[in-house]
Amino acid sequence: YMDGCFDMMHYGHCNALRQARALGDELVVGVVSDDEITANKGPPVTPLHERMKMVRAVKWVDDVIPDAPYAITEDFMNKLFNEYNIDYIIHGDDPCLLPDGTDAYALAKKAGRYKQIKRTEGVSTTDIVGRMLLCVRERPVSDNQSHSSLQRQFSHGHGQNIDDSGFGNGTKISHFLPTSRRIVQFSNGRGPGPDSRVVYIDGAFDLFHAGHVEILRLARGLGDFLLVGIHTDQTISSTRGPHRPIMNLHERSLSVLACRYVDEVIIGAPWHISKDMITTFNISLVVHGTIAENMDYTEDDSNPYAAPIAMGIYHKLDSPLDITTSTIIRRIVSNHEAYQKRNEKKEASEKKYYDSKSFVNGE
């Protein structure tokens, strides 16, 4: 059993679930309720029903318990052991303290049913919220600051007056270090069969959210193999502005790879889908949702979907959820004072963790 808030779910959450699943035969995940998060950490960015969709979509998750308590009580622990046949309760090596300063997993440790995994470096919900809060602080953008330069800073969480530890100005720099090993761990390791119907969908997939999950689920249902093209940071910055993407290319790729509906990704997919690309990957169908950040591409002289449209293999999917990356950003910006306070409180504990952390052997 592993629990969490899974607010603004990111590849760090997914990697924790991957590690937890590797410790046993089945992984049951508890998703903490909105009220419990508000009481212990401050208001969640994503409501429970969206967080449930996100957790269920992670390919290492076998079952989900909604409205899990933030602190594991004796009654809930016994329910886990007796009703869900849980053998171990898992958490990362970073401390999880209640408002009164006590350990949220003290009972599990006392019962000898606690196991620890390694925290994923370089990302946290606090960090991501901090990146978006930079949007509020750094506007307006000075004319002499190039789009590519600002985009690079923003997608890595860089702000002003940052000290060597990566903290300052209320925002921690992301120190995500992508490795080939991590990509392999997240990959399925198999390609399409010779007769597979390959479906292709592309996009930014920034701040991977429930809207992304639902459109990928529908896309996967139209074929046997879902190939997802993930656009470069530069492409996104040029089409959506200098503060995008929030997450860099490798971060976005891992979030998409963790989704159970995805079979393979193209890391740095071209904006225009060519006939040669369609042939190379044996693509049978190219799809796009009706809800997206850039819906005016069809009015351009150079429609990126011109080739699949001409070949008669383009299909527009009705997006089940009216959520985009901008939706998530608006939630933060509209209530940025509350999230700023929440972040400042959390950053203090994160800084303490980073200052005192030691090597933990883990995968």
# chains A, B, ... in the order shown; residues from 1 in each chain; ligands from 1
$ residues_around --residues "Pro43 in chain A" --least-positions-apart "2" --cutoff "10 Å" --atoms "only C-alpha atoms" --output "PDB file with N, CA, C and O atoms, in the first residue's frame"
ATOM      1  N   ASP A   7      -1.260  15.451  -5.958  1.00  0.00           N
ATOM      2  CA  ASP A   7      -1.765  16.718  -6.461  1.00  0.00           C
ATOM      3  C   ASP A   7      -0.850  17.190  -7.586  1.00  0.00           C
ATOM      4  O   ASP A   7       0.368  17.213  -7.431  1.00  0.00           O
ATOM      5  N   ASP A  34      -9.774  15.714  -0.526  1.00  0.00           N
ATOM      6  CA  ASP A  34      -9.556  17.162  -0.629  1.00  0.00           C
ATOM      7  C   ASP A  34      -9.517  17.811   0.754  1.00  0.00           C
ATOM      8  O   ASP A  34      -8.672  18.665   1.031  1.00  0.00           O
ATOM      9  N   ASP A  35     -10.462  17.428   1.625  1.00  0.00           N
ATOM     10  CA  ASP A  35     -10.538  18.030   2.968  1.00  0.00           C
ATOM     11  C   ASP A  35      -9.295  17.732   3.788  1.00  0.00           C
ATOM     12  O   ASP A  35      -8.787  18.604   4.508  1.00  0.00           O
ATOM     13  N   GLU A  36      -8.788  16.510   3.689  1.00  0.00           N
ATOM     14  CA  GLU A  36      -7.592  16.128   4.453  1.00  0.00           C
ATOM     15  C   GLU A  36      -6.359  16.894   3.959  1.00  0.00           C
ATOM     16  O   GLU A  36      -5.509  17.294   4.750  1.00  0.00           O
ATOM     17  N   ILE A  37      -6.261  17.094   2.647  1.00  0.00           N
ATOM     18  CA  ILE A  37      -5.132  17.853   2.102  1.00  0.00           C
ATOM     19  C   ILE A  37      -5.202  19.299   2.574  1.00  0.00           C
ATOM     20  O   ILE A  37      -4.205  19.882   3.010  1.00  0.00           O
ATOM     21  N   THR A  38      -6.408  19.883   2.495  1.00  0.00           N
ATOM     22  CA  THR A  38      -6.586  21.274   2.920  1.00  0.00           C
ATOM     23  C   THR A  38      -6.204  21.450   4.385  1.00  0.00           C
ATOM     24  O   THR A  38      -5.530  22.420   4.747  1.00  0.00           O
ATOM     25  N   ALA A  39      -6.598  20.498   5.224  1.00  0.00           N
ATOM     26  CA  ALA A  39      -6.322  20.596   6.661  1.00  0.00           C
ATOM     27  C   ALA A  39      -4.836  20.437   6.976  1.00  0.00           C
ATOM     28  O   ALA A  39      -4.329  21.068   7.911  1.00  0.00           O
ATOM     29  N   ASN A  40      -4.126  19.635   6.189  1.00  0.00           N
ATOM     30  CA  ASN A  40      -2.737  19.314   6.509  1.00  0.00           C
ATOM     31  C   ASN A  40      -1.702  20.073   5.690  1.00  0.00           C
ATOM     32  O   ASN A  40      -0.577  20.274   6.154  1.00  0.00           O
ATOM     33  N   LYS A  41      -2.080  20.490   4.466  1.00  0.00           N
ATOM     34  CA  LYS A  41      -1.086  21.108   3.594  1.00  0.00           C
ATOM     35  C   LYS A  41      -1.538  22.408   2.942  1.00  0.00           C
ATOM     36  O   LYS A  41      -0.715  23.157   2.407  1.00  0.00           O
ATOM     37  N   VAL A  45      -4.572  21.665  -5.747  1.00  0.00           N
ATOM     38  CA  VAL A  45      -4.758  22.293  -7.057  1.00  0.00           C
ATOM     39  C   VAL A  45      -5.762  21.500  -7.883  1.00  0.00           C
ATOM     40  O   VAL A  45      -6.602  22.059  -8.582  1.00  0.00           O
ATOM     41  N   THR A  46      -5.682  20.175  -7.793  1.00  0.00           N
ATOM     42  CA  THR A  46      -6.581  19.312  -8.554  1.00  0.00           C
ATOM     43  C   THR A  46      -7.533  18.585  -7.613  1.00  0.00           C
ATOM     44  O   THR A  46      -7.097  18.002  -6.610  1.00  0.00           O
ATOM     45  N   PRO A  47      -8.837  18.597  -7.906  1.00  0.00           N
ATOM     46  CA  PRO A  47      -9.814  17.940  -7.032  1.00  0.00           C
ATOM     47  C   PRO A  47      -9.678  16.413  -7.081  1.00  0.00           C
ATOM     48  O   PRO A  47      -9.057  15.859  -7.987  1.00  0.00           O
ATOM     49  N   ASN A 335      -5.518  31.942  -7.264  1.00  0.00           N
ATOM     50  CA  ASN A 335      -5.447  31.802  -5.805  1.00  0.00           C
ATOM     51  C   ASN A 335      -3.983  31.771  -5.372  1.00  0.00           C
ATOM     52  O   ASN A 335      -3.599  31.037  -4.478  1.00  0.00           O
ATOM     53  N   ALA A 338      -2.698  32.039  -1.627  1.00  0.00           N
ATOM     54  CA  ALA A 338      -2.849  30.834  -0.791  1.00  0.00           C
ATOM     55  C   ALA A 338      -1.779  29.805  -1.136  1.00  0.00           C
ATOM     56  O   ALA A 338      -1.196  29.177  -0.247  1.00  0.00           O
ATOM     57  N   TYR A 339      -1.493  29.644  -2.436  1.00  0.00           N
ATOM     58  CA  TYR A 339      -0.481  28.665  -2.846  1.00  0.00           C
ATOM     59  C   TYR A 339       0.925  29.145  -2.499  1.00  0.00           C
ATOM     60  O   TYR A 339       1.806  28.331  -2.212  1.00  0.00           O
ATOM     61  N   ARG A 342       1.315  28.206   1.094  1.00  0.00           N
ATOM     62  CA  ARG A 342       1.479  26.749   1.165  1.00  0.00           C
ATOM     63  C   ARG A 342       2.890  26.358   0.741  1.00  0.00           C
ATOM     64  O   ARG A 342       3.538  25.516   1.385  1.00  0.00           O
TER      65      ARG A 342
END
$ residues_around --residues "Gly312 in chain A" --least-positions-apart "3" --cutoff "10 Å" --atoms "only C-alpha atoms" --output "PDB file with all heavy atoms, in the first residue's frame"
ATOM      1  N   SER A 284      -1.428   4.202 -38.826  1.00  0.00           N
ATOM      2  CA  SER A 284      -2.708   3.965 -39.499  1.00  0.00           C
ATOM      3  C   SER A 284      -3.687   5.117 -39.305  1.00  0.00           C
ATOM      4  O   SER A 284      -4.572   5.340 -40.142  1.00  0.00           O
ATOM      5  CB  SER A 284      -3.355   2.681 -38.964  1.00  0.00           C
ATOM      6  OG  SER A 284      -2.517   1.567 -39.147  1.00  0.00           O
ATOM      7  N   LEU A 285      -3.564   5.823 -38.190  1.00  0.00           N
ATOM      8  CA  LEU A 285      -4.521   6.867 -37.849  1.00  0.00           C
ATOM      9  C   LEU A 285      -3.823   7.960 -37.042  1.00  0.00           C
ATOM     10  O   LEU A 285      -3.056   7.661 -36.109  1.00  0.00           O
ATOM     11  CB  LEU A 285      -5.678   6.267 -37.033  1.00  0.00           C
ATOM     12  CG  LEU A 285      -6.879   7.151 -36.741  1.00  0.00           C
ATOM     13  CD1 LEU A 285      -7.627   7.490 -38.032  1.00  0.00           C
ATOM     14  CD2 LEU A 285      -7.825   6.460 -35.755  1.00  0.00           C
ATOM     15  N   VAL A 286      -4.073   9.216 -37.394  1.00  0.00           N
ATOM     16  CA  VAL A 286      -3.572  10.373 -36.643  1.00  0.00           C
ATOM     17  C   VAL A 286      -4.771  11.055 -36.008  1.00  0.00           C
ATOM     18  O   VAL A 286      -5.748  11.379 -36.696  1.00  0.00           O
ATOM     19  CB  VAL A 286      -2.820  11.363 -37.559  1.00  0.00           C
ATOM     20  CG1 VAL A 286      -2.418  12.615 -36.784  1.00  0.00           C
ATOM     21  CG2 VAL A 286      -1.597  10.694 -38.182  1.00  0.00           C
ATOM     22  N   ALA A 306      -1.668  18.475 -42.403  1.00  0.00           N
ATOM     23  CA  ALA A 306      -2.037  18.463 -43.823  1.00  0.00           C
ATOM     24  C   ALA A 306      -1.815  17.097 -44.476  1.00  0.00           C
ATOM     25  O   ALA A 306      -2.670  16.617 -45.237  1.00  0.00           O
ATOM     26  CB  ALA A 306      -1.246  19.545 -44.577  1.00  0.00           C
ATOM     27  N   ALA A 307      -0.684  16.456 -44.181  1.00  0.00           N
ATOM     28  CA  ALA A 307      -0.371  15.157 -44.800  1.00  0.00           C
ATOM     29  C   ALA A 307      -1.360  14.072 -44.395  1.00  0.00           C
ATOM     30  O   ALA A 307      -1.936  13.402 -45.263  1.00  0.00           O
ATOM     31  CB  ALA A 307       1.066  14.747 -44.474  1.00  0.00           C
ATOM     32  N   PRO A 308      -1.612  13.849 -43.089  1.00  0.00           N
ATOM     33  CA  PRO A 308      -2.600  12.819 -42.735  1.00  0.00           C
ATOM     34  C   PRO A 308      -4.009  13.153 -43.214  1.00  0.00           C
ATOM     35  O   PRO A 308      -4.779  12.238 -43.541  1.00  0.00           O
ATOM     36  CB  PRO A 308      -2.525  12.759 -41.199  1.00  0.00           C
ATOM     37  CG  PRO A 308      -1.821  14.000 -40.769  1.00  0.00           C
ATOM     38  CD  PRO A 308      -0.929  14.377 -41.892  1.00  0.00           C
ATOM     39  N   ILE A 309      -4.345  14.447 -43.286  1.00  0.00           N
ATOM     40  CA  ILE A 309      -5.670  14.824 -43.813  1.00  0.00           C
ATOM     41  C   ILE A 309      -5.770  14.431 -45.284  1.00  0.00           C
ATOM     42  O   ILE A 309      -6.769  13.836 -45.722  1.00  0.00           O
ATOM     43  CB  ILE A 309      -5.907  16.344 -43.631  1.00  0.00           C
ATOM     44  CG1 ILE A 309      -6.103  16.675 -42.141  1.00  0.00           C
ATOM     45  CG2 ILE A 309      -7.119  16.800 -44.437  1.00  0.00           C
ATOM     46  CD1 ILE A 309      -6.148  18.168 -41.828  1.00  0.00           C
ATOM     47  N   HIS A 315      -8.276  12.002 -37.788  1.00  0.00           N
ATOM     48  CA  HIS A 315      -9.554  11.900 -37.078  1.00  0.00           C
ATOM     49  C   HIS A 315      -9.549  12.817 -35.867  1.00  0.00           C
ATOM     50  O   HIS A 315      -8.598  12.821 -35.089  1.00  0.00           O
ATOM     51  CB  HIS A 315      -9.789  10.445 -36.640  1.00  0.00           C
ATOM     52  CG  HIS A 315     -11.055  10.243 -35.864  1.00  0.00           C
ATOM     53  ND1 HIS A 315     -12.302  10.351 -36.428  1.00  0.00           N
ATOM     54  CD2 HIS A 315     -11.263   9.926 -34.558  1.00  0.00           C
ATOM     55  CE1 HIS A 315     -13.228  10.109 -35.516  1.00  0.00           C
ATOM     56  NE2 HIS A 315     -12.619   9.857 -34.375  1.00  0.00           N
TER      57      HIS A 315
END
$ select_by_dssp --residues "range 66-280 of chain A" --states "strand (DSSP E)" --output "JSON, numbers by chain"
{"A": [66, 67, 68, 89, 90, 91, 92, 114, 115, 116, 117, 198, 199, 200, 201, 202, 203, 225, 226, 227, 228, 229, 230, 231, 264, 265, 266, 267, 268, 269]}
$ residues_around --residues "range 320-332 of chain A" --least-positions-apart "6" --cutoff "12 Å" --atoms "only C-alpha atoms" --output "number ranges by chain"
A: 7-9, 43-47, 49-50, 53, 125-126, 128-136, 203-219, 240-241, 243-247, 289-295, 338-340, 342-343
$ select_by_dssp --residues "range 24-111 of chain A" --states "helix (DSSP H, G or I)" --output "MDAnalysis selection string"
chainID A and resid 34:40 48:56 74:83 106:110
$ residues_around --residues "Leu226 in chain A" --least-positions-apart "6" --cutoff "6 Å" --atoms "only C-alpha atoms" --output "JSON, numbers by chain"
{"A": [198, 199, 220, 262, 263]}
$ residues_around --residues "range 64-70 of chain A" --least-positions-apart "6" --cutoff "9 Å" --atoms "only C-alpha atoms" --output "list in words"
Asp3, Gly4, Cys5, Leu27, Val28, Val29, Gly30, Val31, Val32, Ser33, Asp34, Asp35, Glu36, Ile37, Asn40, Leu48, His49, Met52, Val55, Arg56, Phe76, Leu98 and Ala104 of chain A
$ closest_residue --among "A:Thr232, A:Ser302, A:Ser255, A:Ser319" --to "Val287 in chain A" --atoms "only C-alpha atoms"
A:Ser319
$ closest_residue --among "A:Ile89, A:Ala269, A:Cys259, A:Leu254" --to "Gly229 in chain A" --atoms "only C-alpha atoms"
A:Ala269
